[in-house]
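Asker: Contents of start_26.txt (compact mmCIF, C-alpha atoms and all ligand atoms) are below:
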```txt
# COMPACT_ATOMS: atom_id res chain seq x y z
CA VAL O 20 -58.74 -16.96 -31.04
CA SER O 21 -58.88 -14.14 -28.55
CA ARG O 22 -57.83 -10.70 -29.71
CA ALA O 23 -57.12 -7.52 -27.78
CA ARG O 24 -60.03 -5.12 -28.25
CA ILE O 25 -60.23 -1.48 -27.32
CA LEU O 26 -63.13 -1.28 -24.87
CA GLY O 27 -62.97 2.44 -24.13
CA THR O 28 -60.97 5.57 -24.93
CA GLY O 29 -60.29 8.85 -23.12
CA SER O 30 -58.20 11.98 -23.30
CA SER O 31 -57.19 14.95 -21.21
CA LEU O 32 -55.68 18.24 -22.33
CA PRO O 33 -54.30 21.07 -20.21
CA ARG O 34 -56.53 24.15 -20.00
CA ARG O 35 -53.93 26.68 -21.15
CA VAL O 36 -53.93 27.33 -24.92
CA LEU O 37 -50.71 28.75 -26.41
CA THR O 38 -51.27 30.41 -29.79
CA ASN O 39 -48.83 31.10 -32.63
CA ARG O 40 -49.38 34.81 -32.01
CA GLU O 41 -48.14 34.45 -28.44
CA LEU O 42 -45.05 32.58 -29.70
CA GLU O 43 -44.28 35.60 -31.90
CA GLY O 44 -43.59 37.47 -28.65
CA MET O 45 -41.29 34.72 -27.34
CA VAL O 46 -38.99 33.84 -30.29
CA ASP O 47 -38.27 35.19 -33.78
CA THR O 48 -41.14 33.50 -35.61
CA SER O 49 -44.52 34.25 -37.15
CA ASP O 50 -47.99 32.76 -37.22
CA GLU O 51 -47.63 32.53 -40.98
CA TRP O 52 -44.32 30.56 -40.80
CA ILE O 53 -45.64 28.12 -38.21
CA THR O 54 -48.95 27.57 -39.98
CA THR O 55 -47.49 26.99 -43.44
CA ARG O 56 -44.47 24.91 -42.31
CA THR O 57 -46.22 22.78 -39.68
CA GLY O 58 -50.02 23.22 -39.80
CA ILE O 59 -50.02 23.91 -36.06
CA GLN O 60 -52.11 26.82 -34.77
CA THR O 61 -52.39 26.18 -31.05
CA ARG O 62 -51.00 23.78 -28.48
CA ARG O 63 -51.85 23.12 -24.83
CA ILE O 64 -49.39 23.86 -22.03
CA ALA O 65 -49.65 22.17 -18.63
CA GLY O 66 -50.24 24.27 -15.51
CA PRO O 67 -50.55 23.44 -11.81
CA GLY O 68 -52.13 20.02 -11.24
CA GLU O 69 -51.56 18.97 -14.85
CA GLU O 70 -48.39 16.90 -14.44
CA THR O 71 -47.87 13.90 -16.75
CA HIS O 72 -49.47 11.44 -14.30
CA ARG O 73 -52.43 13.74 -13.57
CA LEU O 74 -53.29 14.12 -17.25
CA ALA O 75 -52.73 10.37 -17.65
CA ALA O 76 -55.08 9.52 -14.78
CA ALA O 77 -57.79 11.87 -16.10
CA ALA O 78 -57.58 10.29 -19.57
CA GLY O 79 -57.56 6.82 -18.00
CA ARG O 80 -60.66 7.57 -15.93
CA GLN O 81 -62.55 8.56 -19.09
CA ALA O 82 -61.48 5.38 -20.87
CA LEU O 83 -62.58 3.26 -17.89
CA ASP O 84 -65.96 5.06 -17.79
CA MET O 85 -66.53 4.39 -21.47
CA ALA O 86 -65.53 0.74 -21.07
CA GLY O 87 -67.74 0.39 -17.97
CA ILE O 88 -64.83 -1.12 -16.06
CA GLU O 89 -63.79 -0.35 -12.47
CA ALA O 90 -60.18 0.71 -11.92
CA ALA O 91 -59.95 -1.97 -9.24
CA SER O 92 -60.45 -4.69 -11.86
CA LEU O 93 -57.49 -3.59 -14.03
CA ASP O 94 -54.58 -6.05 -14.22
CA LEU O 95 -51.99 -3.76 -15.80
CA VAL O 96 -51.34 -0.03 -16.20
CA VAL O 97 -48.79 1.01 -18.82
CA VAL O 98 -47.90 4.64 -19.49
CA ALA O 99 -46.01 5.50 -22.67
CA THR O 100 -44.09 8.70 -21.97
CA LEU O 101 -40.73 10.37 -22.42
CA THR O 102 -41.58 13.11 -19.92
CA PRO O 103 -42.51 11.49 -16.59
CA HIS O 104 -42.32 14.02 -13.73
CA MET O 105 -40.00 11.64 -11.83
CA MET O 106 -37.44 9.06 -12.91
CA MET O 107 -38.71 6.73 -10.19
CA PRO O 108 -41.38 5.63 -9.45
CA ALA O 109 -42.76 5.23 -12.94
CA CYS O 110 -45.57 7.53 -14.03
CA ALA O 111 -47.74 4.40 -14.30
CA CYS O 112 -47.40 3.81 -10.54
CA PHE O 113 -48.77 7.30 -9.81
CA VAL O 114 -51.65 6.61 -12.19
CA GLN O 115 -52.29 3.22 -10.58
CA ALA O 116 -52.53 4.89 -7.15
CA GLU O 117 -54.59 7.86 -8.32
CA LEU O 118 -57.16 5.64 -10.04
CA GLY O 119 -57.23 3.01 -7.29
CA ALA O 120 -56.17 0.23 -9.67
CA SER O 121 -55.04 -1.77 -6.66
CA ARG O 122 -54.77 -5.16 -8.44
CA ALA O 123 -52.70 -3.87 -11.33
CA PHE O 124 -48.96 -4.03 -11.90
CA ALA O 125 -47.62 -0.88 -13.51
CA TYR O 126 -44.69 0.43 -15.51
CA ASP O 127 -43.67 3.01 -18.11
CA LEU O 128 -42.59 2.48 -21.67
CA ASN O 129 -40.39 4.91 -23.58
CA ALA O 130 -40.39 4.64 -27.34
CA ALA O 131 -40.78 8.40 -27.82
CA CYS O 132 -43.59 9.26 -30.27
CA SER O 133 -44.07 5.55 -31.06
CA GLY O 134 -44.69 4.65 -27.41
CA PHE O 135 -48.44 4.21 -27.75
CA LEU O 136 -48.11 1.88 -30.77
CA TYR O 137 -45.40 -0.18 -29.07
CA GLY O 138 -47.69 -0.30 -26.01
CA LEU O 139 -50.70 -1.48 -28.02
CA ASP O 140 -48.67 -4.31 -29.50
CA LEU O 141 -47.45 -5.24 -26.01
CA ALA O 142 -50.96 -5.13 -24.52
CA ALA O 143 -52.21 -7.30 -27.39
CA ALA O 144 -49.51 -9.89 -26.63
CA TYR O 145 -50.45 -10.01 -22.92
CA ILE O 146 -54.13 -10.38 -23.77
CA GLU O 147 -53.51 -13.12 -26.30
CA ARG O 148 -51.77 -15.05 -23.55
CA ARG O 149 -54.38 -14.20 -20.91
CA PRO O 150 -57.67 -13.07 -22.52
CA GLU O 151 -59.28 -12.15 -19.19
CA MET O 152 -56.65 -9.45 -18.62
CA ARG O 153 -57.77 -5.82 -18.52
CA VAL O 154 -55.08 -3.34 -19.52
CA LEU O 155 -55.06 0.45 -19.24
CA LEU O 156 -52.65 1.93 -21.78
CA VAL O 157 -51.99 5.67 -21.62
CA GLY O 158 -49.80 8.00 -23.65
CA SER O 159 -49.07 11.14 -21.64
CA GLU O 160 -46.58 13.98 -22.00
CA ASN O 161 -45.43 17.24 -20.47
CA LEU O 162 -43.20 18.19 -23.41
CA SER O 163 -43.41 21.87 -22.38
CA ALA O 164 -41.20 20.97 -19.40
CA ARG O 165 -38.44 19.75 -21.76
CA THR O 166 -38.75 22.39 -24.46
CA ASN O 167 -36.09 25.01 -24.99
CA TRP O 168 -38.33 28.09 -25.14
CA GLN O 169 -35.50 30.05 -26.77
CA ASP O 170 -35.17 27.61 -29.69
CA ARG O 171 -37.59 28.51 -32.47
CA ASN O 172 -36.69 25.30 -34.32
CA THR O 173 -38.45 23.21 -31.67
CA CYS O 174 -40.56 25.34 -29.31
CA VAL O 175 -43.31 25.97 -31.86
CA LEU O 176 -43.87 22.24 -32.49
CA PHE O 177 -44.74 20.57 -29.20
CA GLY O 178 -47.65 20.44 -26.76
CA ASP O 179 -48.88 18.62 -23.65
CA GLY O 180 -51.71 16.14 -23.19
CA ALA O 181 -52.76 12.55 -22.58
CA GLY O 182 -54.83 9.88 -24.31
CA ALA O 183 -55.81 6.45 -23.05
CA CYS O 184 -57.52 3.21 -23.88
CA VAL O 185 -58.71 0.18 -21.96
CA LEU O 186 -58.08 -3.17 -23.62
CA GLY O 187 -59.48 -6.60 -22.98
CA GLY O 188 -59.90 -9.91 -24.78
CA GLY O 189 -62.68 -10.62 -27.26
CA THR O 190 -63.47 -13.54 -29.52
CA GLY O 191 -65.18 -11.59 -32.32
CA ALA O 192 -63.60 -10.24 -35.50
CA GLY O 193 -62.54 -6.98 -33.83
CA GLY O 194 -59.25 -6.15 -32.19
CA VAL O 195 -55.57 -5.70 -32.91
CA LEU O 196 -54.88 -7.57 -36.17
CA GLY O 197 -51.16 -6.96 -36.50
CA ALA O 198 -48.29 -4.55 -36.15
CA SER O 199 -45.02 -3.74 -37.85
CA LEU O 200 -42.63 -2.01 -35.46
CA ALA O 201 -39.05 -0.89 -36.03
CA ALA O 202 -36.18 1.13 -34.58
CA ASP O 203 -32.81 2.50 -35.64
CA GLY O 204 -30.72 3.63 -32.68
CA SER O 205 -27.79 4.61 -34.87
CA LEU O 206 -29.63 7.82 -35.79
CA TRP O 207 -30.38 8.85 -32.21
CA GLU O 208 -28.66 12.23 -32.45
CA LEU O 209 -31.16 13.57 -34.96
CA LEU O 210 -33.90 13.71 -32.30
CA CYS O 211 -32.96 13.46 -28.64
CA MET O 212 -33.28 14.81 -25.12
CA GLU O 213 -30.61 14.32 -22.47
CA GLY O 214 -31.54 13.37 -18.93
CA PRO O 215 -30.23 15.22 -15.87
CA PRO O 216 -26.40 15.37 -15.61
CA SER O 217 -24.77 12.27 -14.11
CA MET O 218 -23.75 12.47 -10.43
CA ASN O 219 -20.96 10.00 -11.20
CA PRO O 220 -18.03 12.06 -12.49
CA ALA O 221 -16.77 9.06 -14.45
CA LEU O 222 -20.01 9.01 -16.45
CA ALA O 223 -20.64 12.75 -16.71
CA ARG O 224 -20.82 14.07 -20.24
CA PRO O 225 -18.89 17.32 -20.56
CA GLU O 226 -20.96 18.20 -23.61
CA HIS O 227 -24.23 17.98 -21.63
CA ASP O 228 -26.17 21.08 -22.59
CA GLY O 229 -29.53 20.83 -20.85
CA CYS O 230 -32.44 18.41 -20.75
CA TYR O 231 -34.09 19.82 -23.85
CA ILE O 232 -35.53 18.26 -26.94
CA ARG O 233 -33.01 18.71 -29.75
CA MET O 234 -33.84 17.98 -33.36
CA ALA O 235 -32.43 18.11 -36.87
CA GLY O 236 -35.82 18.99 -38.37
CA ARG O 237 -35.12 18.32 -42.04
CA ASP O 238 -33.48 14.93 -41.46
CA VAL O 239 -36.27 13.87 -39.15
CA PHE O 240 -38.83 14.94 -41.72
CA ARG O 241 -37.20 12.89 -44.48
CA HIS O 242 -36.83 9.75 -42.36
CA ALA O 243 -40.34 10.06 -40.91
CA VAL O 244 -42.09 10.02 -44.27
CA ARG O 245 -40.15 7.07 -45.64
CA ALA O 246 -40.28 5.01 -42.45
CA MET O 247 -44.03 5.43 -41.96
CA GLU O 248 -44.67 4.53 -45.59
CA ASP O 249 -42.62 1.32 -45.18
CA ALA O 250 -44.37 0.39 -41.93
CA VAL O 251 -47.83 0.96 -43.38
CA ARG O 252 -47.07 -1.18 -46.42
CA ALA O 253 -45.54 -3.88 -44.22
CA VAL O 254 -48.50 -4.21 -41.84
CA LEU O 255 -51.00 -4.23 -44.70
CA ALA O 256 -49.04 -6.93 -46.55
CA GLN O 257 -48.76 -8.96 -43.35
CA ALA O 258 -52.55 -8.79 -42.79
CA GLY O 259 -53.42 -9.22 -46.48
CA VAL O 260 -55.41 -5.98 -46.45
CA GLY O 261 -55.46 -3.30 -49.17
CA LEU O 262 -55.16 0.37 -48.28
CA GLU O 263 -58.53 1.00 -49.96
CA GLU O 264 -60.16 -1.20 -47.30
CA ILE O 265 -59.00 1.10 -44.48
CA ALA O 266 -61.79 3.29 -43.07
CA LEU O 267 -59.53 5.72 -41.21
CA VAL O 268 -55.80 6.30 -40.73
CA ILE O 269 -54.82 7.86 -37.39
CA PRO O 270 -51.18 8.92 -37.69
CA HIS O 271 -48.84 10.43 -35.13
CA GLN O 272 -49.56 14.16 -35.24
CA ALA O 273 -46.20 15.86 -35.85
CA ASN O 274 -46.47 18.06 -38.91
CA ILE O 275 -49.10 18.52 -41.62
CA ARG O 276 -46.40 18.45 -44.32
CA ILE O 277 -45.09 15.07 -43.14
CA LEU O 278 -48.66 13.75 -43.34
CA ARG O 279 -49.31 15.27 -46.78
CA ASN O 280 -46.08 13.69 -48.07
CA LEU O 281 -47.14 10.35 -46.64
CA MET O 282 -50.61 10.62 -48.18
CA GLU O 283 -49.08 11.40 -51.53
CA ARG O 284 -46.71 8.42 -51.43
CA LEU O 285 -49.52 6.08 -50.41
CA ALA O 286 -52.13 7.70 -52.69
CA LEU O 287 -54.26 8.12 -49.60
CA PRO O 288 -57.12 10.65 -49.78
CA GLU O 289 -56.96 13.34 -47.07
CA GLU O 290 -60.50 12.62 -45.85
CA LYS O 291 -59.29 9.19 -44.71
CA VAL O 292 -56.67 10.70 -42.41
CA TYR O 293 -57.57 12.02 -38.97
CA ILE O 294 -55.77 15.29 -38.19
CA ASN O 295 -55.91 17.34 -34.99
CA LEU O 296 -52.33 18.64 -34.84
CA THR O 297 -53.74 22.06 -35.78
CA ARG O 298 -55.06 22.33 -32.22
CA TYR O 299 -52.54 20.36 -30.14
CA GLY O 300 -49.21 20.31 -32.00
CA ASN O 301 -46.99 17.29 -31.48
CA THR O 302 -47.78 15.62 -28.14
CA SER O 303 -45.42 12.66 -28.75
CA ALA O 304 -46.72 9.44 -27.16
CA ALA O 305 -50.05 11.13 -26.42
CA SER O 306 -50.83 12.17 -29.96
CA ILE O 307 -52.29 8.93 -31.35
CA PRO O 308 -54.47 8.10 -28.32
CA ILE O 309 -55.81 11.68 -28.15
CA ALA O 310 -56.70 11.50 -31.85
CA LEU O 311 -58.16 8.00 -31.41
CA ASP O 312 -60.38 9.22 -28.57
CA GLU O 313 -61.56 12.27 -30.50
CA ALA O 314 -62.30 10.19 -33.61
CA ASN O 315 -64.16 7.70 -31.43
CA ARG O 316 -66.26 10.39 -29.71
CA GLU O 317 -67.02 11.98 -33.10
CA GLY O 318 -68.50 8.63 -34.20
CA LEU O 319 -65.87 8.10 -36.91
CA LEU O 320 -65.04 4.56 -35.74
CA GLN O 321 -67.80 2.09 -36.56
CA PRO O 322 -67.90 -1.60 -35.61
CA GLY O 323 -66.08 -3.63 -38.26
CA ASP O 324 -64.07 -0.66 -39.57
CA LEU O 325 -60.40 -1.24 -40.31
CA ILE O 326 -58.32 1.45 -38.57
CA LEU O 327 -54.63 1.99 -39.29
CA LEU O 328 -52.29 3.73 -36.84
CA CYS O 329 -48.76 4.82 -37.71
CA SER O 330 -45.99 6.68 -35.94
CA PHE O 331 -42.43 7.93 -36.07
CA GLY O 332 -40.25 9.40 -33.33
CA GLY O 333 -37.00 9.71 -31.44
CA GLY O 334 -34.78 6.65 -31.38
CA PHE O 335 -35.59 6.47 -34.17
CA THR O 336 -38.65 4.35 -33.49
CA TRP O 337 -41.53 3.83 -35.89
CA GLY O 338 -44.33 1.51 -36.80
CA ALA O 339 -47.85 0.84 -38.00
CA LEU O 340 -50.65 -1.12 -36.38
CA LEU O 341 -53.89 -2.43 -37.81
CA LEU O 342 -57.12 -2.65 -35.80
CA ARG O 343 -60.62 -3.82 -36.54
CA TRP O 344 -63.03 -1.68 -34.49
C1 LIG V 1 -38.99 21.76 -38.15
C2 LIG V 1 -39.58 21.98 -39.52
C3 LIG V 1 -41.00 22.47 -39.39
C4 LIG V 1 -38.76 23.04 -40.25
O1 LIG V 1 -39.28 23.24 -41.55
P1 LIG V 1 -38.32 23.29 -42.81
O2 LIG V 1 -39.17 23.67 -43.94
O3 LIG V 1 -37.57 22.01 -42.88
O4 LIG V 1 -37.40 24.48 -42.44
P2 LIG V 1 -35.80 24.46 -42.28
O5 LIG V 1 -35.44 23.59 -41.13
O6 LIG V 1 -35.20 24.17 -43.59
O7 LIG V 1 -35.58 25.95 -41.88
C5 LIG V 1 -35.82 26.99 -42.80
C6 LIG V 1 -35.54 28.28 -42.09
O8 LIG V 1 -36.60 28.54 -41.17
C7 LIG V 1 -36.01 28.91 -39.93
N1 LIG V 1 -36.93 28.55 -38.84
C8 LIG V 1 -36.93 27.43 -38.10
N2 LIG V 1 -37.91 27.50 -37.19
C9 LIG V 1 -38.54 28.65 -37.38
C10 LIG V 1 -39.61 29.30 -36.75
N3 LIG V 1 -40.29 28.72 -35.74
N4 LIG V 1 -40.01 30.50 -37.22
C11 LIG V 1 -39.37 31.09 -38.22
N5 LIG V 1 -38.33 30.54 -38.85
C12 LIG V 1 -37.91 29.35 -38.45
C13 LIG V 1 -34.74 28.14 -39.87
O9 LIG V 1 -33.85 28.74 -38.96
C14 LIG V 1 -34.24 28.27 -41.29
O10 LIG V 1 -33.65 29.51 -41.44
P3 LIG V 1 -32.29 29.65 -42.28
O11 LIG V 1 -32.65 29.22 -43.66
O12 LIG V 1 -31.98 31.09 -42.13
O13 LIG V 1 -31.32 28.72 -41.61
C15 LIG V 1 -39.55 20.70 -40.36
O14 LIG V 1 -38.24 20.35 -40.68
C16 LIG V 1 -40.20 19.56 -39.66
O15 LIG V 1 -41.38 19.54 -39.45
N6 LIG V 1 -39.42 18.51 -39.29
C17 LIG V 1 -39.93 17.38 -38.57
C18 LIG V 1 -40.20 17.83 -37.19
C19 LIG V 1 -40.99 16.82 -36.43
O16 LIG V 1 -42.13 16.65 -36.68
N7 LIG V 1 -40.33 16.19 -35.48
C20 LIG V 1 -40.92 15.28 -34.61
C21 LIG V 1 -41.14 13.99 -35.31
S1 LIG V 1 -41.73 12.88 -34.15
```
Using structure tokens, write down the structure from this file.

Answerer:
Amino acid sequence: VSRARILGTGSSLPRRVLTNRELEGMVDTSDEWITTRTGIQTRRIAGPGEETHRLAAAAGRQALDMAGIEAASLDLVVVATLTPHMMMPACACFVQAELGASRAFAYDLNAACSGFLYGLDLAAAYIERRPEMRVLLVGSENLSARTNWQDRNTCVLFGDGAGACVLGGGTGAGGVLGASLAADGSLWELLCMEGPPSMNPALARPEHDGCYIRMAGRDVFRHAVRAMEDAVRAVLAQAGVGLEEIALVIPHQANIRILRNLMERLALPEEKVYINLTRYGNTSAASIPIALDEANREGLLQPGDLILLCSFGGGFTWGALLLRW
């Protein structure tokens, strides 16, 4: 059996750091409120040359370097994003060109904050069918471009960045072992972002009120905890693995209180959960691959380790995925 293995990881963060103190000067909030309610202290905000595809390409280049693979030998580039800088072409096409991945086909995937997990499951399916395939999967976001900077309920939460991994087939014990993915579109209004207004008057929405992220924070919080718990239990049951066998959990980085709630429900010790939201806030599809790359570079992922990823986001979409490193 050939399994999809992660051969290299990378990440790229904008230079500009936005602190809670600075936000105090922008909306009616405080460092104390943001820190205690979210755990976030700083986030990165994209500047010139740090568009979604640029961050994605920089993260991708790092992942290729680590994997020791030339861009020209990639077969597929997928970018998980909800903030591409253009509707067409896909962000992945810009990345393909910038890296010189001339053999690869390329497209974007939008599953909001679950995009990277959905993408990993997809890459694993391709590689199972064709083990010689080399796939670059990136999660990249410019959420700052779609943030209402007058809305204190959302503007303190989000940040920009990109994380990437290169996948290929392997016949050893390592690789993607399984995933449990889910969605519930009936709850879309609790976390959403409209696109640009329609140019077709028949399809225009009179209630269109800007291409911003809108969120019912409390409802999202409640659903996020329960959904991630269910997904984690489902993927572990499917793989016949106990939670105590997991070396590290790398969750979507949205809010420290969501993660503490999840840890409590699962009886998961905090030292088994990788957390970097303090520094980057919620970077949506980029959050898991950035955390994965940092954990990898810190030496926290050892060959044979069982690693569990889990996410929740707009859609709603959610899931959990189990890897052996
Ligand atoms: C957004 C979130 C941090 C708010 O925390 P909360 O404890 O639920 O707070 P509430 O929404 O009940 O708001 C409490 C008060 O704080 C206020 N508040 C909201 N944002 C604030 C801010 N940045 N600074 C100060 N006060 C703020 C609210 O207006 C409200 O005031 P009110 O009682 O006068 O109406 C929390 O709901 C959350 O994390 N939700 C999930 C968000 C998320 O991660 N989404 C993405 C998932 S992918």

Asker: Just give me the gap between atom CA of Thr302 of chain O and atom CA of Leu162 of chain O in Å, one decimal is fine.

Answerer: 7.1 Å

Asker: Could you tell me which of O:Trp52, O:Phe124, O:Trp344, O:Trp337 comes closest to ligand LIG 1 (chain V) if we count only C-alpha atoms and all ligand atoms?

Answerer: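 Checking each candidate against ligand LIG 1 (chain V), we get O:Trp52 as the closest.
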
Asker: Which chains and residue numbers are within 6 Å of ligand LIG 1 (chain V), counting all atoms listed in the file, if I want them as a PyMOL selection string?

Answerer: chain O and resi 48-49+52-53+56-57+132+171-172+175+236-237+239-240+273-274+331-332

Asker: Tell me, as a list in words, which residues lie within 9 Å of segment 142-146 of chain O, counting only C-alpha atoms; anything in the same chain fewer than 2 positions away does not count.

Answerer: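 Selected residues are Ser21, Arg22, Ala23, Arg24, Leu95, Val97, Tyr137, Gly138, Leu139, Asp140, Arg148, Arg149, Pro150, Glu151, Met152, Arg153, Val154, Leu155, Leu156, Leu186, Gly187, Gly188, Gly194 and Val195 of chain O.
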
Asker: Kindly give the distance, in Å, that separates atom CA of Arg343 of chain O and atom CA of Pro308 of chain O, rounded to a single decimal.

Answerer: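 Atom CA of Pro308 of chain O lies 15.7 Å from atom CA of Arg343 of chain O.
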
Asker: Tell me, in Å to one decimal, how far atom CA of Glu264 of chain O is from atom CA of Leu341 of chain O.

Answerer: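 These two atoms are separated by 11.4 Å.
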
Asker: Show me, as a PyMOL selection string, the residues that have an atom within 7 Å of Ala111 of chain O when counting all atoms listed in the file, minus same-chain residues fewer than 5 positions from it.

Answerer: chain O and resi 96-98+125-127

Asker: Quick one: everything within 8 Å of segment 58-75 of chain O, counting all atoms listed in the file, minus sequence neighbours fewer than 3 positions away in the same chain. Send it as an NGL selection string.

Answerer: :O and (31-39 or 50 or 53-55 or 78-79 or 98 or 102-104 or 110-111 or 113-114 or 157-161 or 163 or 176-183 or 274-276 or 296-300)

Asker: Give me, as JSON lines, each residue of segment 158-191 of chain O that comes within 12 Å of segment 209-215 of chain O, together with its shortest interatomic pair and the distance in Å at one decimal, counting all atoms listed in the file, with rows ordered by chain and rising residue number.

Answerer:
```
{"residue": "O:Leu162", "atom": "CA", "partner": "O:Met212", "partner_atom": "CA", "distance": 10.6}
{"residue": "O:Ala164", "atom": "CA", "partner": "O:Met212", "partner_atom": "CA", "distance": 11.5}
{"residue": "O:Arg165", "atom": "CA", "partner": "O:Met212", "partner_atom": "CA", "distance": 7.9}
{"residue": "O:Thr166", "atom": "CA", "partner": "O:Met212", "partner_atom": "CA", "distance": 9.4}
{"residue": "O:Asn167", "atom": "CA", "partner": "O:Met212", "partner_atom": "CA", "distance": 10.6}
{"residue": "O:Thr173", "atom": "CA", "partner": "O:Leu210", "partner_atom": "CA", "distance": 10.6}
```

Asker: Which residue gives the smallest distance to Arg233 of chain O among O:Ile307, O:Val292, O:Glu208, O:Ser133, with all atoms listed in the file counted?

Answerer: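 Closest candidate: O:Glu208.
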
Asker: Step by step: start from the point (-65.1, 7.8, -30.7) in the file's coordinates, keep every protein, DNA or RNA residue that has an atom no farther than 12 Å from it, count only C-alpha atoms, and write the set as a ChimeraX atom specification.

Answerer: /O:25-30,81-82,85-86,184,293,308-322,344

Asker: I need the residues from that last selection saved to file as a compact mmCIF listing (two decimals), in the frame of the given file (with C-alpha atoms), if you can.

Answerer:
```txt
# COMPACT_ATOMS: atom_id res chain seq x y z
CA ILE O 25 -60.23 -1.48 -27.32
CA LEU O 26 -63.13 -1.28 -24.87
CA GLY O 27 -62.97 2.44 -24.13
CA THR O 28 -60.97 5.57 -24.93
CA GLY O 29 -60.29 8.85 -23.12
CA SER O 30 -58.20 11.98 -23.30
CA GLN O 81 -62.55 8.56 -19.09
CA ALA O 82 -61.48 5.38 -20.87
CA MET O 85 -66.53 4.39 -21.47
CA ALA O 86 -65.53 0.74 -21.07
CA CYS O 184 -57.52 3.21 -23.88
CA TYR O 293 -57.57 12.02 -38.97
CA PRO O 308 -54.47 8.10 -28.32
CA ILE O 309 -55.81 11.68 -28.15
CA ALA O 310 -56.70 11.50 -31.85
CA LEU O 311 -58.16 8.00 -31.41
CA ASP O 312 -60.38 9.22 -28.57
CA GLU O 313 -61.56 12.27 -30.50
CA ALA O 314 -62.30 10.19 -33.61
CA ASN O 315 -64.16 7.70 -31.43
CA ARG O 316 -66.26 10.39 -29.71
CA GLU O 317 -67.02 11.98 -33.10
CA GLY O 318 -68.50 8.63 -34.20
CA LEU O 319 -65.87 8.10 -36.91
CA LEU O 320 -65.04 4.56 -35.74
CA GLN O 321 -67.80 2.09 -36.56
CA PRO O 322 -67.90 -1.60 -35.61
CA TRP O 344 -63.03 -1.68 -34.49
```

Asker: Name the closest residue to Glu248 of chain O among the candidates O:Leu267, O:Cys230, O:Leu287, O:Leu206; distances are taken between atoms, counting all atoms listed in the file.

Answerer: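 When distances to Glu248 of chain O are compared using all atoms listed in the file, the smallest one comes from O:Leu287.
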
Asker: Compare O:Ala91, O:Phe335, O:Gln169, O:Leu340 by their minimum atom-to-atom distance to Ala131 of chain O, counting all atoms listed in the file, and give me the closest one.

Answerer: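 Comparing O:Ala91, O:Phe335, O:Gln169, O:Leu340 against Ala131 of chain O, the winner is O:Phe335.
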
Asker: Around all the atoms of segment 98-101 of chain O listed in the file, with 8 Å of room on each side, what axis-aligned box do you get, giving centre and edge lengths in Å to one decimal, as JSON?

Answerer:
```
{"center_x": -44.3, "center_y": 7.5, "center_z": -21.1, "size_x": 23.2, "size_y": 21.7, "size_z": 19.2}
```

Asker: Name the closest residue to Ser205 of chain O among the candidates O:Ala223, O:Ala253, O:Gly193, O:Gly334; distances are taken between atoms, counting all atoms listed in the file.

Answerer: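 Among O:Ala223, O:Ala253, O:Gly193, O:Gly334, it is O:Gly334 that comes nearest to Ser205 of chain O.
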
Asker: Counting only C-alpha atoms, which residue out of O:Thr100, O:Gln257, O:Asn219, O:Ser199 sits closest to Ala130 of chain O?

Answerer: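 Residue with the minimum atom-to-atom distance to Ala130 of chain O: O:Thr100.
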
Asker: Find the residues near Leu281 of chain O: any atom within 10 Å, counting only C-alpha atoms, skip ones fewer than 6 places away on the same chain, and give them as a JSON list (two decimals) with C-alpha atoms, in the frame of the given file.

Answerer:
```json
[["chain", "number", "residue", "atom", "x", "y", "z"],
["O", 243, "ALA", "CA", -40.34, 10.06, -40.91],
["O", 244, "VAL", "CA", -42.09, 10.02, -44.27],
["O", 245, "ARG", "CA", -40.15, 7.07, -45.64],
["O", 246, "ALA", "CA", -40.28, 5.01, -42.45],
["O", 247, "MET", "CA", -44.03, 5.43, -41.96],
["O", 248, "GLU", "CA", -44.67, 4.53, -45.59],
["O", 251, "VAL", "CA", -47.83, 0.96, -43.38],
["O", 270, "PRO", "CA", -51.18, 8.92, -37.69],
["O", 275, "ILE", "CA", -49.10, 18.52, -41.62],
["O", 287, "LEU", "CA", -54.26, 8.12, -49.60]]
```
